[in-house]
$ cat work-v1.txt   # compact mmCIF, C-alpha atoms
# COMPACT_ATOMS: atom_id res chain seq x y z
CA MET A 1331 -15.60 -76.88 -6.82
CA GLN A 1332 -15.76 -73.43 -8.36
CA ASP A 1333 -13.85 -71.92 -5.44
CA GLY A 1334 -11.15 -74.54 -5.63
CA ARG A 1335 -10.40 -73.74 -9.29
CA ASP A 1336 -10.11 -69.97 -8.57
CA MET A 1337 -7.66 -70.69 -5.82
CA GLU A 1338 -5.44 -72.60 -8.20
CA GLU A 1339 -5.45 -69.79 -10.75
CA GLU A 1340 -4.50 -67.24 -8.12
CA GLN A 1341 -1.53 -69.28 -7.14
CA THR A 1342 0.00 -68.88 -10.61
CA VAL A 1343 2.73 -66.36 -9.87
CA ARG A 1344 4.73 -64.47 -12.48
CA GLU A 1345 8.11 -63.29 -11.31
CA LEU A 1346 9.14 -59.76 -12.41
CA SER A 1347 12.58 -58.34 -11.88
CA HIS A 1348 13.00 -54.78 -10.62
CA ASP A 1349 13.44 -53.26 -14.07
CA GLU A 1350 10.69 -55.25 -15.72
CA PHE A 1351 8.05 -53.67 -13.54
CA ASP A 1352 6.82 -50.64 -15.48
CA PRO A 1353 3.85 -48.89 -13.92
CA ASN A 1354 2.80 -47.12 -17.10
CA GLY A 1355 -0.57 -46.10 -15.71
CA THR A 1356 1.05 -44.43 -12.72
CA LEU A 1357 3.56 -42.73 -14.98
CA ALA A 1358 0.79 -41.38 -17.19
CA LEU A 1359 -1.19 -40.17 -14.18
CA ILE A 1360 1.82 -38.37 -12.72
CA ALA A 1361 2.59 -36.86 -16.13
CA VAL A 1362 -0.96 -35.48 -16.32
CA TYR A 1363 -0.68 -34.07 -12.78
CA PHE A 1364 2.63 -32.52 -13.73
CA VAL A 1365 1.24 -30.82 -16.81
CA ILE A 1366 -1.67 -29.44 -14.75
CA LEU A 1367 0.82 -28.18 -12.14
CA LEU A 1368 2.93 -26.43 -14.79
CA ALA A 1369 -0.08 -24.86 -16.47
CA MET A 1370 -1.41 -23.62 -13.11
CA TRP A 1371 1.96 -22.15 -12.16
CA VAL A 1372 2.25 -20.30 -15.48
CA PHE A 1373 -1.31 -19.04 -15.19
CA MET A 1374 -0.95 -18.00 -11.55
CA TYR A 1375 2.38 -16.21 -11.90
CA PHE A 1376 2.34 -14.72 -15.39
CA VAL A 1377 -1.36 -14.06 -15.88
CA GLU A 1378 -2.87 -13.57 -12.44
CA PHE A 1379 0.10 -12.03 -10.63
CA LEU A 1380 2.13 -10.14 -13.24
CA GLY A 1381 -1.01 -9.17 -15.16
CA ASN A 1382 -2.71 -7.79 -12.04
CA GLU A 1383 -1.59 -4.20 -12.55
CA LEU A 1384 -0.56 -1.89 -9.90
CA THR A 1385 2.39 -3.88 -8.75
CA VAL A 1386 4.79 -2.84 -6.03
CA VAL A 1387 7.98 -1.82 -7.83
CA GLY A 1388 9.94 -0.18 -5.04
CA MET B 816 21.65 -48.57 -5.52
CA ASN B 817 19.14 -49.68 -8.08
CA ILE B 818 16.75 -46.87 -9.01
CA HIS B 819 13.95 -47.64 -11.46
CA SER B 820 14.14 -45.64 -14.68
CA TYR B 821 10.69 -44.05 -14.10
CA GLU B 822 11.82 -42.92 -10.71
CA LYS B 823 14.90 -41.31 -12.22
CA ILE B 824 12.66 -39.40 -14.65
CA TRP B 825 10.52 -38.21 -11.75
CA LEU B 826 13.51 -37.10 -9.69
CA VAL B 827 14.95 -35.05 -12.56
CA VAL B 828 11.62 -33.51 -13.49
CA ALA B 829 10.86 -32.61 -9.85
CA ILE B 830 14.22 -30.87 -9.52
CA LEU B 831 13.62 -28.99 -12.79
CA LEU B 832 10.24 -27.88 -11.45
CA ILE B 833 11.85 -26.38 -8.34
CA VAL B 834 14.48 -24.67 -10.49
CA GLY B 835 11.64 -23.36 -12.68
CA PHE B 836 9.76 -21.95 -9.67
CA ILE B 837 12.86 -20.19 -8.40
CA SER B 838 13.72 -18.79 -11.84
CA THR B 839 10.26 -17.33 -12.43
CA VAL B 840 10.39 -15.55 -9.08
CA THR B 841 13.91 -14.32 -9.91
CA TYR B 842 12.65 -13.15 -13.31
CA GLY B 843 9.86 -11.20 -11.59
CA ALA B 844 12.29 -9.56 -9.16
CA THR B 845 14.91 -8.62 -11.78
CA ALA B 846 13.36 -8.23 -15.25
CA VAL B 847 9.89 -7.07 -14.15
CA GLY B 848 11.18 -5.19 -11.08
CA ILE B 849 8.72 -6.48 -8.51
CA ASP B 850 9.74 -5.54 -5.01
CA MET B 851 8.81 -6.75 -1.55
CA VAL B 852 7.63 -4.47 1.22
CA ASP B 853 10.38 -4.18 3.81
CA ASP B 854 11.40 -1.90 6.68
CA GLU B 855 12.91 0.71 4.32
CA GLY B 856 10.26 3.26 5.35
CA GLY B 857 11.78 3.50 8.82
CA THR B 858 10.03 4.18 12.09
CA VAL B 859 7.96 7.01 13.50
CA ASN B 860 6.56 7.93 16.90
CA ALA B 861 3.03 6.57 16.60
CA SER B 862 1.69 8.68 19.47
CA ALA B 863 2.97 11.95 18.00
CA LEU B 864 2.15 11.72 14.29
CA ASP B 865 0.85 15.29 14.35
CA GLU B 866 4.38 16.49 15.13
CA ASP B 867 6.04 14.36 12.47
CA PRO B 868 7.19 16.28 9.38
CA ARG B 869 5.97 13.51 7.10
CA PHE B 870 2.63 12.72 8.68
CA SER B 871 1.46 15.91 10.41
CA GLU B 872 -0.37 16.70 7.20
CA PRO B 873 -1.33 13.60 5.18
CA ARG B 874 -0.97 14.59 1.53
CA VAL B 875 0.30 13.88 -1.96
CA GLU B 876 3.31 15.92 -3.00
CA GLN B 877 5.32 16.14 -6.19
CA VAL B 878 8.97 15.19 -5.83
CA GLY B 879 10.08 15.01 -9.45
CA ASP B 880 8.87 14.72 -13.05
CA ASN B 881 5.92 12.37 -12.80
CA GLU B 882 7.09 11.32 -9.35
CA TYR B 883 4.92 11.81 -6.32
CA GLU B 884 4.93 10.87 -2.66
CA ALA B 885 1.75 10.15 -0.78
CA TYR B 886 1.75 10.32 3.03
CA VAL B 887 -1.18 8.35 4.29
CA ILE B 888 -2.45 7.67 7.80
CA ALA B 889 -4.58 4.59 8.33
CA GLN B 890 -6.54 4.86 11.57
CA GLN B 891 -9.72 3.46 13.08
CA TYR B 892 -11.67 3.47 10.68
CA ILE B 893 -10.55 5.77 7.89
CA PHE B 894 -7.72 6.41 5.51
CA ASN B 895 -6.45 9.99 5.43
CA PRO B 896 -6.36 11.61 2.88
CA ASP B 897 -9.49 10.20 1.28
CA PRO B 898 -9.58 10.17 -1.67
CA ILE B 899 -5.88 10.07 -2.46
CA ARG B 900 -5.59 12.01 -5.72
CA VAL B 901 -2.70 11.18 -8.04
CA PRO B 902 -2.09 12.00 -11.70
CA ALA B 903 -2.09 9.43 -14.50
CA ASN B 904 1.24 8.25 -15.94
CA SER B 905 3.04 8.79 -12.67
CA THR B 906 5.11 6.91 -10.15
CA VAL B 907 3.74 7.27 -6.66
CA THR B 908 5.47 6.19 -3.47
CA PHE B 909 3.07 5.66 -0.62
CA PHE B 910 4.28 6.11 2.95
CA ILE B 911 1.65 4.69 5.23
CA THR B 912 1.54 4.50 9.00
CA SER B 913 -0.94 4.08 11.80
CA PRO B 914 -1.42 5.97 15.10
CA ASP B 915 -3.49 3.25 16.77
CA VAL B 916 -3.57 -0.44 15.80
CA ILE B 917 -2.40 -2.62 12.93
CA HIS B 918 -4.27 -1.91 9.71
CA GLY B 919 -3.99 -3.10 6.14
CA PHE B 920 -3.68 -1.07 2.97
CA GLU B 921 -4.76 -2.77 -0.20
CA ILE B 922 -5.55 -1.10 -3.49
CA VAL B 923 -8.42 -3.40 -4.33
CA GLY B 924 -7.92 -5.94 -7.07
CA THR B 925 -4.22 -5.18 -7.51
CA ASN B 926 -0.89 -6.34 -6.12
CA ALA B 927 -0.38 -3.06 -4.23
CA ASN B 928 -0.89 -4.21 -0.70
CA THR B 929 0.88 -3.87 2.66
CA MET B 930 0.40 -4.10 6.40
CA VAL B 931 0.29 -0.82 8.31
CA ILE B 932 1.94 -1.11 11.70
CA PRO B 933 1.91 1.62 14.39
CA GLY B 934 5.41 3.09 14.73
CA GLN B 935 6.51 1.64 11.41
CA VAL B 936 6.25 3.32 8.00
CA ALA B 937 5.21 1.06 5.13
CA LYS B 938 6.70 2.24 1.83
CA ILE B 939 5.37 1.00 -1.50
CA THR B 940 6.01 2.44 -4.95
CA VAL B 941 3.42 1.96 -7.67
CA ASN B 942 3.09 3.11 -11.29
CA PHE B 943 -0.27 4.56 -12.28
CA ASN B 944 -0.97 4.61 -16.02
CA ASP B 945 -4.58 5.29 -16.97
CA PRO B 946 -6.99 7.64 -15.20
CA GLY B 947 -9.57 5.88 -13.06
CA GLU B 948 -10.55 5.12 -9.53
CA TYR B 949 -9.41 2.37 -7.20
CA GLY B 950 -10.80 1.40 -3.84
CA ILE B 951 -8.64 0.92 -0.77
CA VAL B 952 -9.57 -1.52 1.96
CA CYS B 953 -8.14 -2.36 5.33
CA HIS B 954 -7.42 -6.07 5.29
CA GLU B 955 -6.19 -6.55 8.86
CA TYR B 956 -8.88 -6.78 11.51
CA CYS B 957 -8.60 -3.48 13.40
CA GLY B 958 -11.70 -3.27 15.56
CA SER B 959 -15.48 -3.17 15.50
CA GLY B 960 -15.58 -0.80 12.52
CA HIS B 961 -13.04 -2.74 10.44
CA HIS B 962 -15.56 -3.76 7.80
CA THR B 963 -16.38 -0.10 7.08
CA MET B 964 -12.77 1.02 6.74
CA GLU B 965 -12.23 1.96 3.15
CA GLY B 966 -10.76 4.74 1.05
CA SER B 967 -10.03 5.45 -2.56
CA VAL B 968 -7.31 6.43 -4.97
CA VAL B 969 -8.45 8.70 -7.78
CA VAL B 970 -6.11 8.70 -10.77
CA GLN B 971 -6.79 11.98 -12.53
CA PRO B 972 -5.87 12.91 -16.09
CA GLU B 973 -2.53 14.71 -15.97
CA ASP B 974 -3.91 18.10 -17.08
CA GLU B 975 -6.57 18.08 -14.35
CA PHE B 976 -4.25 17.23 -11.51
CA GLU B 977 -3.08 19.88 -9.05
CA PRO B 978 -0.51 18.86 -6.45
CA GLY B 979 -1.76 19.50 -2.94
CA GLY B 980 -5.32 19.68 -4.19
CA ASP B 981 -6.56 17.19 -1.62
CA GLU B 982 -7.74 19.66 0.97
$ encode --input "work-v1.txt" --output "structure tokens"
Amino acid sequence: MQDGRDMEEEQTVRELSHDEFDPNGTLALIAVYFVILLAMWVFMYFVEFLGNELTVVG
Amino acid sequence: MNIHSYEKIWLVVAILLIVGFISTVTYGATAVGIDMVDDEGGTVNASALDEDPRFSEPRVEQVGDNEYEAYVIAQQYIFNPDPIRVPANSTVTFFITSPDVIHGFEIVGTNANTMVIPGQVAKITVNFNDPGEYGIVCHEYCGSGHHTMEGSVVVQPEDEFEPGGDE
């Protein structure tokens, strides 16, 4: 009996159009990754590389 | 074509990121003046370095106000001269070559770093500011004694430095 009721609930389908589907969680996750990427690039280039004196200048 | 608005954001941001990467590297090459090691140093006969005017006598020589040239030979398993003495507040151009196998030349913990290839002269220019001492290591496997191959650069206070004082 229990199983039968679950099956019915699962069959309730909500139609979403292309633009109504907004994966906000994914967007937030990618935004966080992006900020980490930017921070690491700035740190790597400007702090670790340019700050690592004795640089080849010619 | 129907592109979701989030996907448009991602496309634009990803392109901006690439533009950002390229512009920081361009900034380093133009505003900061960072250079790449290339074949500018020319070639040399690796089996007759003792007859070469530049390398017959590895040394540091003064070529201008606060400008010096260091001729260095990296060989199994030493750097010659060792130590390389240079004055503080100077611009030093290293010309490095090898008579035997491929070596590396890295001033430890810095960006001054090149491969040393027999027959080829590696040329790197570096500014030294404060007095101190740097290590040099070979960072290309060059044989059984590779791990012991090291040298040093001694940056002396300007008033203590004598050109040609390596011998």
$ atom_distance --input "work-v1.txt" --atom1 "CA of Thr1356 (chain A)" --atom2 "CA of Tyr821 (chain B)"
9.7 Å
$ residues_around --input "work-v1.txt" --residues "Gly1388 (chain A)" --least-positions-apart "2" --cutoff "7 Å" --atoms "all atoms listed in the file" --output "PyMOL selection string"
(chain A and resi 1386) or (chain B and resi 850+939-940)
$ interface_residues --input "work-v1.txt" --of "chain A" --to "chain B" --cutoff "6 Å" --atoms "only C-alpha atoms" --output "PyMOL selection string"
chain A and resi 1382-1388
$ atom_distance --input "work-v1.txt" --atom1 "CA of Val970 (chain B)" --atom2 "CA of Arg874 (chain B)"
14.6 Å
$ atom_distance --input "work-v1.txt" --atom1 "CA of Ser871 (chain B)" --atom2 "CA of Ala885 (chain B)"
12.6 Å
$ closest_residue --input "work-v1.txt" --among "B:Glu921, B:Glu866, B:Glu876, B:Glu977" --to "Glu955 (chain B)" --atoms "only C-alpha atoms"
B:Glu921
$ closest_residue --input "work-v1.txt" --among "B:Ile833, B:Val901, B:Met816, B:Met930" --to "Glu975 (chain B)" --atoms "all atoms listed in the file"
B:Val901
$ closest_residue --input "work-v1.txt" --among "B:Ile830, B:Met964, B:Ala903, B:Val936" --to "Arg869 (chain B)" --atoms "all atoms listed in the file"
B:Val936
$ closest_residue --input "work-v1.txt" --among "B:Val968, B:Val931, B:Pro873, B:Ser913" --to "Pro898 (chain B)" --atoms "all atoms listed in the file"
B:Val968
$ decode --input "work-v1.txt" --residues "region 861-876 of chain B" --atoms "N, CA, C and O atoms" --output "PDB file, in the first residue's frame"
ATOM      1  N   ALA B 861      81.221  24.059 -27.996  1.00  0.00           N
ATOM      2  CA  ALA B 861      81.228  23.484 -26.647  1.00  0.00           C
ATOM      3  C   ALA B 861      82.503  22.705 -26.353  1.00  0.00           C
ATOM      4  O   ALA B 861      82.908  22.590 -25.201  1.00  0.00           O
ATOM      5  N   SER B 862      83.169  22.177 -27.395  1.00  0.00           N
ATOM      6  CA  SER B 862      84.368  21.377 -27.117  1.00  0.00           C
ATOM      7  C   SER B 862      85.636  22.222 -27.094  1.00  0.00           C
ATOM      8  O   SER B 862      86.713  21.703 -26.902  1.00  0.00           O
ATOM      9  N   ALA B 863      85.486  23.542 -27.309  1.00  0.00           N
ATOM     10  CA  ALA B 863      86.675  24.409 -27.266  1.00  0.00           C
ATOM     11  C   ALA B 863      86.379  25.681 -26.475  1.00  0.00           C
ATOM     12  O   ALA B 863      86.705  26.786 -26.904  1.00  0.00           O
ATOM     13  N   LEU B 864      85.765  25.511 -25.299  1.00  0.00           N
ATOM     14  CA  LEU B 864      85.431  26.699 -24.495  1.00  0.00           C
ATOM     15  C   LEU B 864      86.681  27.421 -24.026  1.00  0.00           C
ATOM     16  O   LEU B 864      86.678  28.627 -23.817  1.00  0.00           O
ATOM     17  N   ASP B 865      87.788  26.666 -23.870  1.00  0.00           N
ATOM     18  CA  ASP B 865      89.013  27.305 -23.369  1.00  0.00           C
ATOM     19  C   ASP B 865      89.635  28.229 -24.411  1.00  0.00           C
ATOM     20  O   ASP B 865      90.516  29.023 -24.103  1.00  0.00           O
ATOM     21  N   GLU B 866      89.169  28.130 -25.663  1.00  0.00           N
ATOM     22  CA  GLU B 866      89.686  29.047 -26.695  1.00  0.00           C
ATOM     23  C   GLU B 866      88.705  30.164 -26.982  1.00  0.00           C
ATOM     24  O   GLU B 866      88.965  31.023 -27.824  1.00  0.00           O
ATOM     25  N   ASP B 867      87.565  30.140 -26.326  1.00  0.00           N
ATOM     26  CA  ASP B 867      86.535  31.142 -26.608  1.00  0.00           C
ATOM     27  C   ASP B 867      86.827  32.417 -25.820  1.00  0.00           C
ATOM     28  O   ASP B 867      87.131  32.354 -24.627  1.00  0.00           O
ATOM     29  N   PRO B 868      86.771  33.579 -26.476  1.00  0.00           N
ATOM     30  CA  PRO B 868      87.089  34.819 -25.758  1.00  0.00           C
ATOM     31  C   PRO B 868      86.176  35.075 -24.563  1.00  0.00           C
ATOM     32  O   PRO B 868      86.596  35.665 -23.581  1.00  0.00           O
ATOM     33  N   ARG B 869      84.934  34.593 -24.638  1.00  0.00           N
ATOM     34  CA  ARG B 869      84.027  34.865 -23.524  1.00  0.00           C
ATOM     35  C   ARG B 869      84.218  33.882 -22.378  1.00  0.00           C
ATOM     36  O   ARG B 869      84.062  34.217 -21.218  1.00  0.00           O
ATOM     37  N   PHE B 870      84.514  32.621 -22.727  1.00  0.00           N
ATOM     38  CA  PHE B 870      84.458  31.589 -21.689  1.00  0.00           C
ATOM     39  C   PHE B 870      85.801  30.982 -21.318  1.00  0.00           C
ATOM     40  O   PHE B 870      85.860  30.115 -20.461  1.00  0.00           O
ATOM     41  N   SER B 871      86.910  31.444 -21.983  1.00  0.00           N
ATOM     42  CA  SER B 871      88.193  30.851 -21.625  1.00  0.00           C
ATOM     43  C   SER B 871      88.511  31.138 -20.164  1.00  0.00           C
ATOM     44  O   SER B 871      89.188  30.355 -19.514  1.00  0.00           O
ATOM     45  N   GLU B 872      88.001  32.259 -19.685  1.00  0.00           N
ATOM     46  CA  GLU B 872      88.253  32.607 -18.286  1.00  0.00           C
ATOM     47  C   GLU B 872      86.922  33.037 -17.648  1.00  0.00           C
ATOM     48  O   GLU B 872      86.535  34.200 -17.766  1.00  0.00           O
ATOM     49  N   PRO B 873      86.193  32.108 -17.030  1.00  0.00           N
ATOM     50  CA  PRO B 873      84.910  32.467 -16.420  1.00  0.00           C
ATOM     51  C   PRO B 873      85.112  33.578 -15.390  1.00  0.00           C
ATOM     52  O   PRO B 873      86.033  33.510 -14.577  1.00  0.00           O
ATOM     53  N   ARG B 874      84.300  34.612 -15.440  1.00  0.00           N
ATOM     54  CA  ARG B 874      84.589  35.802 -14.632  1.00  0.00           C
ATOM     55  C   ARG B 874      83.377  36.711 -14.563  1.00  0.00           C
ATOM     56  O   ARG B 874      82.383  36.505 -15.261  1.00  0.00           O
ATOM     57  N   VAL B 875      83.527  37.770 -13.740  1.00  0.00           N
ATOM     58  CA  VAL B 875      82.562  38.859 -13.715  1.00  0.00           C
ATOM     59  C   VAL B 875      83.322  40.095 -14.163  1.00  0.00           C
ATOM     60  O   VAL B 875      84.391  40.385 -13.630  1.00  0.00           O
ATOM     61  N   GLU B 876      82.816  40.796 -15.167  1.00  0.00           N
ATOM     62  CA  GLU B 876      83.523  42.014 -15.565  1.00  0.00           C
ATOM     63  C   GLU B 876      82.569  43.186 -15.669  1.00  0.00           C
ATOM     64  O   GLU B 876      81.387  43.032 -15.969  1.00  0.00           O
TER      65      GLU B 876
END
